[in-house]
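Note sheet for the following structure.
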Amino acid sequence: RGGVAGGRKAKGGGGGGFGALLEPRLLRLLCLVVALQALQQLSGINAVVYYTPTVLKEAGVPRLFASVGLDENAASLAATALAYAPRLPAMLATISLMDRLGRRSLLLRFIPLMALSHLALAASLLHMASASSALPAAAAVVALCGYGVAFSLSLGPIPNILTSELFPMRARAAAMSVSLAAQFVCNTAVGAGFPALRASLGSGGVFFAFAAVCAAGWLVTAVAVPETKGRALEDDGGEGKTKAS
């Protein structure tokens with residue numbers, strides 16, 4: 001009986017639970033997935049989700065709907081629905097793209113689009129005051145569409161998927177708990193802090209900052225994120241290692 005237990009422990013590479021996360025290799029992986037969860041939230045997703053109507057109103061979106069008789073609030077809500085519409089097909093496409101292209105590849109391809117969308121939105125907000133046309137407002141709606149699609153194809157689902165694939169079974173639940181806790185803390189910080197940042201930096205300045213976070217996320221991915229395409233969830237022996245694609 002003791003031999004079987006010892007064999008199982010050896011096969012798993014050590015103890016399980018939160019204690020396993022202190023092993024040097026797993027601790028490095030934990031730091032990586034926590035960083036990805038933080039970058040996911042600090043890239044501005046919940047500032048966008050919570051404050052889209054407010055931001056679009058500031059970008060002058062009511063001008064786009066003036067001809068159909070919508071007031072400011074109704075126009076902002078209509079533009080919000082329009083901006084979010086492409087996210088559902090993007091989320092569905094992610095399922096097949098992750099298996100075809102790989103997790104790391106999607107991050108490297110679409111995080112730059114997130115950054116460009118933030119830059120376009122920031123520019124729209126900064127130029128709105130001097131604009132005589134509805135072009136900045138239209139650009140803001142397109143930028144939010146692009147950001148939502150790119151997020152759904154990259155930093156939205158992939159940090160959680162990487163957490164489940166990088167860790168062995170004996171440490172997976174503990175790693176998911178820690179990474180989701182980091183996500184929740186950063187989510188709360190962005191949601192609560194956005195109004196103060198907007199008052200201090202202006203909406204344009206905040207979205208420039210979100211673009212910088214996206215650039216940092218791309219660098220972290222390029223330097224530290226391994227590819228896990230084709231890796232079995234039950235694989236306990238190759239912690240942090242992946243099968244050849």
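Ordering of the structure tokens sets the chain letters (A, B, ...), residue numbers begin anew at 1 in every chain, and ligands are numbered from 1 in the order given.
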(message) With only C-alpha atoms as the counted atoms, please give the residues lying no more than 12 Å from A:Ala140, apart from itself and same-chain residues fewer than 3 positions off, as a ChimeraX atom specification.
(response) /A:48,52-53,55-62,64,76,79-80,82-83,116-128,134-137,143-147,204,207
(request) Give me every alpha helix (DSSP H) residue in stretch 13-111 of chain A, going by DSSP on the backbone, as JSON, numbers by chain. (result) {"A": [24, 25, 26, 27, 28, 29, 30, 31, 32, 33, 34, 35, 36, 37, 38, 39, 40, 41, 42, 45, 46, 47, 48, 49, 50, 51, 52, 53, 54, 55, 56, 57, 58, 72, 73, 74, 75, 76, 77, 78, 79, 80, 81, 82, 83, 84, 87, 88, 89, 90, 91, 92, 93, 94, 95, 96, 97, 98, 99, 100, 101, 103, 104, 105, 106, 107, 108, 109, 110, 111]}
(request) Have a look at A:Ala74, A:Ala192, A:Val49, A:Val33 and name the one nearest to A:Ile161; count only C-alpha atoms. (result)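 Of A:Ala74, A:Ala192, A:Val49, A:Val33, the one nearest A:Ile161 is A:Val33, counting only C-alpha atoms.
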(message) Report, in Å to a single decimal, how far apart atom CA of A:Glu72 and atom CA of A:Met91 are.
(response) 29.8 Å
(request) Have a look at atom CA of A:Ala90 and atom CA of A:Ala115 and let me know their distance in Å, one decimal. (result) 17.4 Å
(request) Would you mind telling me which residue in A:Ile111, A:Met176, A:Leu30, A:Leu42 lies nearest to A:Leu219 when using only C-alpha atoms? (result)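 Checking each candidate against A:Leu219, we get A:Ile111 as the closest.
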(request) Enter the distance from atom CA of A:Arg198 to atom CA of A:Asn46, in Å, rounded to one decimal. (result)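 Distance reported for this atom pair: 13.9 Å.
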(request) May I ask which of the residues A:Thr54, A:Ser152, A:Ser105, A:Asn160 is the closest one to A:Phe194, counting only C-alpha atoms? (result) A:Thr54
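The shortest atom-to-atom distance to A:Gly217, with only C-alpha atoms taken into account, belongs to A:Gln40 out of A:Val190, A:Leu180, A:Leu101, A:Gln40.
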(message) Applying 6 Å and only C-alpha atoms, which residues near A:Phe210 remain after dropping the ones on its own chain fewer than 3 positions away? List them as a VMD selection string.
(response) chain A and resid 43 to 44 207 213
Written file, previous selection with all heavy atoms, as a PDB file, in the first residue's frame:
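File written: again-v3.pdb
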ATOM      1  N   SER A  43      -5.784  45.666 -19.385  1.00  0.00           N
ATOM      2  CA  SER A  43      -5.901  46.101 -20.776  1.00  0.00           C
ATOM      3  C   SER A  43      -7.184  46.875 -21.004  1.00  0.00           C
ATOM      4  O   SER A  43      -7.405  47.395 -22.111  1.00  0.00           O
ATOM      5  CB  SER A  43      -5.850  44.895 -21.715  1.00  0.00           C
ATOM      6  OG  SER A  43      -7.072  44.153 -21.651  1.00  0.00           O
ATOM      7  N   GLY A  44      -8.043  46.951 -19.983  1.00  0.00           N
ATOM      8  CA  GLY A  44      -9.197  47.838 -20.056  1.00  0.00           C
ATOM      9  C   GLY A  44     -10.520  47.199 -20.371  1.00  0.00           C
ATOM     10  O   GLY A  44     -11.508  47.906 -20.597  1.00  0.00           O
ATOM     11  N   PHE A 207      -7.144  55.615 -22.286  1.00  0.00           N
ATOM     12  CA  PHE A 207      -7.079  54.597 -23.342  1.00  0.00           C
ATOM     13  C   PHE A 207      -5.683  54.500 -23.957  1.00  0.00           C
ATOM     14  O   PHE A 207      -5.284  53.426 -24.417  1.00  0.00           O
ATOM     15  CB  PHE A 207      -8.164  54.840 -24.394  1.00  0.00           C
ATOM     16  CG  PHE A 207      -9.525  54.433 -23.908  1.00  0.00           C
ATOM     17  CD1 PHE A 207     -10.436  55.378 -23.468  1.00  0.00           C
ATOM     18  CD2 PHE A 207      -9.878  53.092 -23.841  1.00  0.00           C
ATOM     19  CE1 PHE A 207     -11.671  55.009 -22.988  1.00  0.00           C
ATOM     20  CE2 PHE A 207     -11.120  52.702 -23.366  1.00  0.00           C
ATOM     21  CZ  PHE A 207     -12.032  53.660 -22.935  1.00  0.00           C
ATOM     22  N   VAL A 213      -0.511  48.980 -21.824  1.00  0.00           N
ATOM     23  CA  VAL A 213      -0.638  47.691 -21.141  1.00  0.00           C
ATOM     24  C   VAL A 213      -0.705  46.561 -22.167  1.00  0.00           C
ATOM     25  O   VAL A 213      -0.090  45.498 -21.983  1.00  0.00           O
ATOM     26  CB  VAL A 213      -1.879  47.671 -20.237  1.00  0.00           C
ATOM     27  CG1 VAL A 213      -2.125  46.269 -19.690  1.00  0.00           C
ATOM     28  CG2 VAL A 213      -1.715  48.665 -19.090  1.00  0.00           C
TER      29      VAL A 213
END
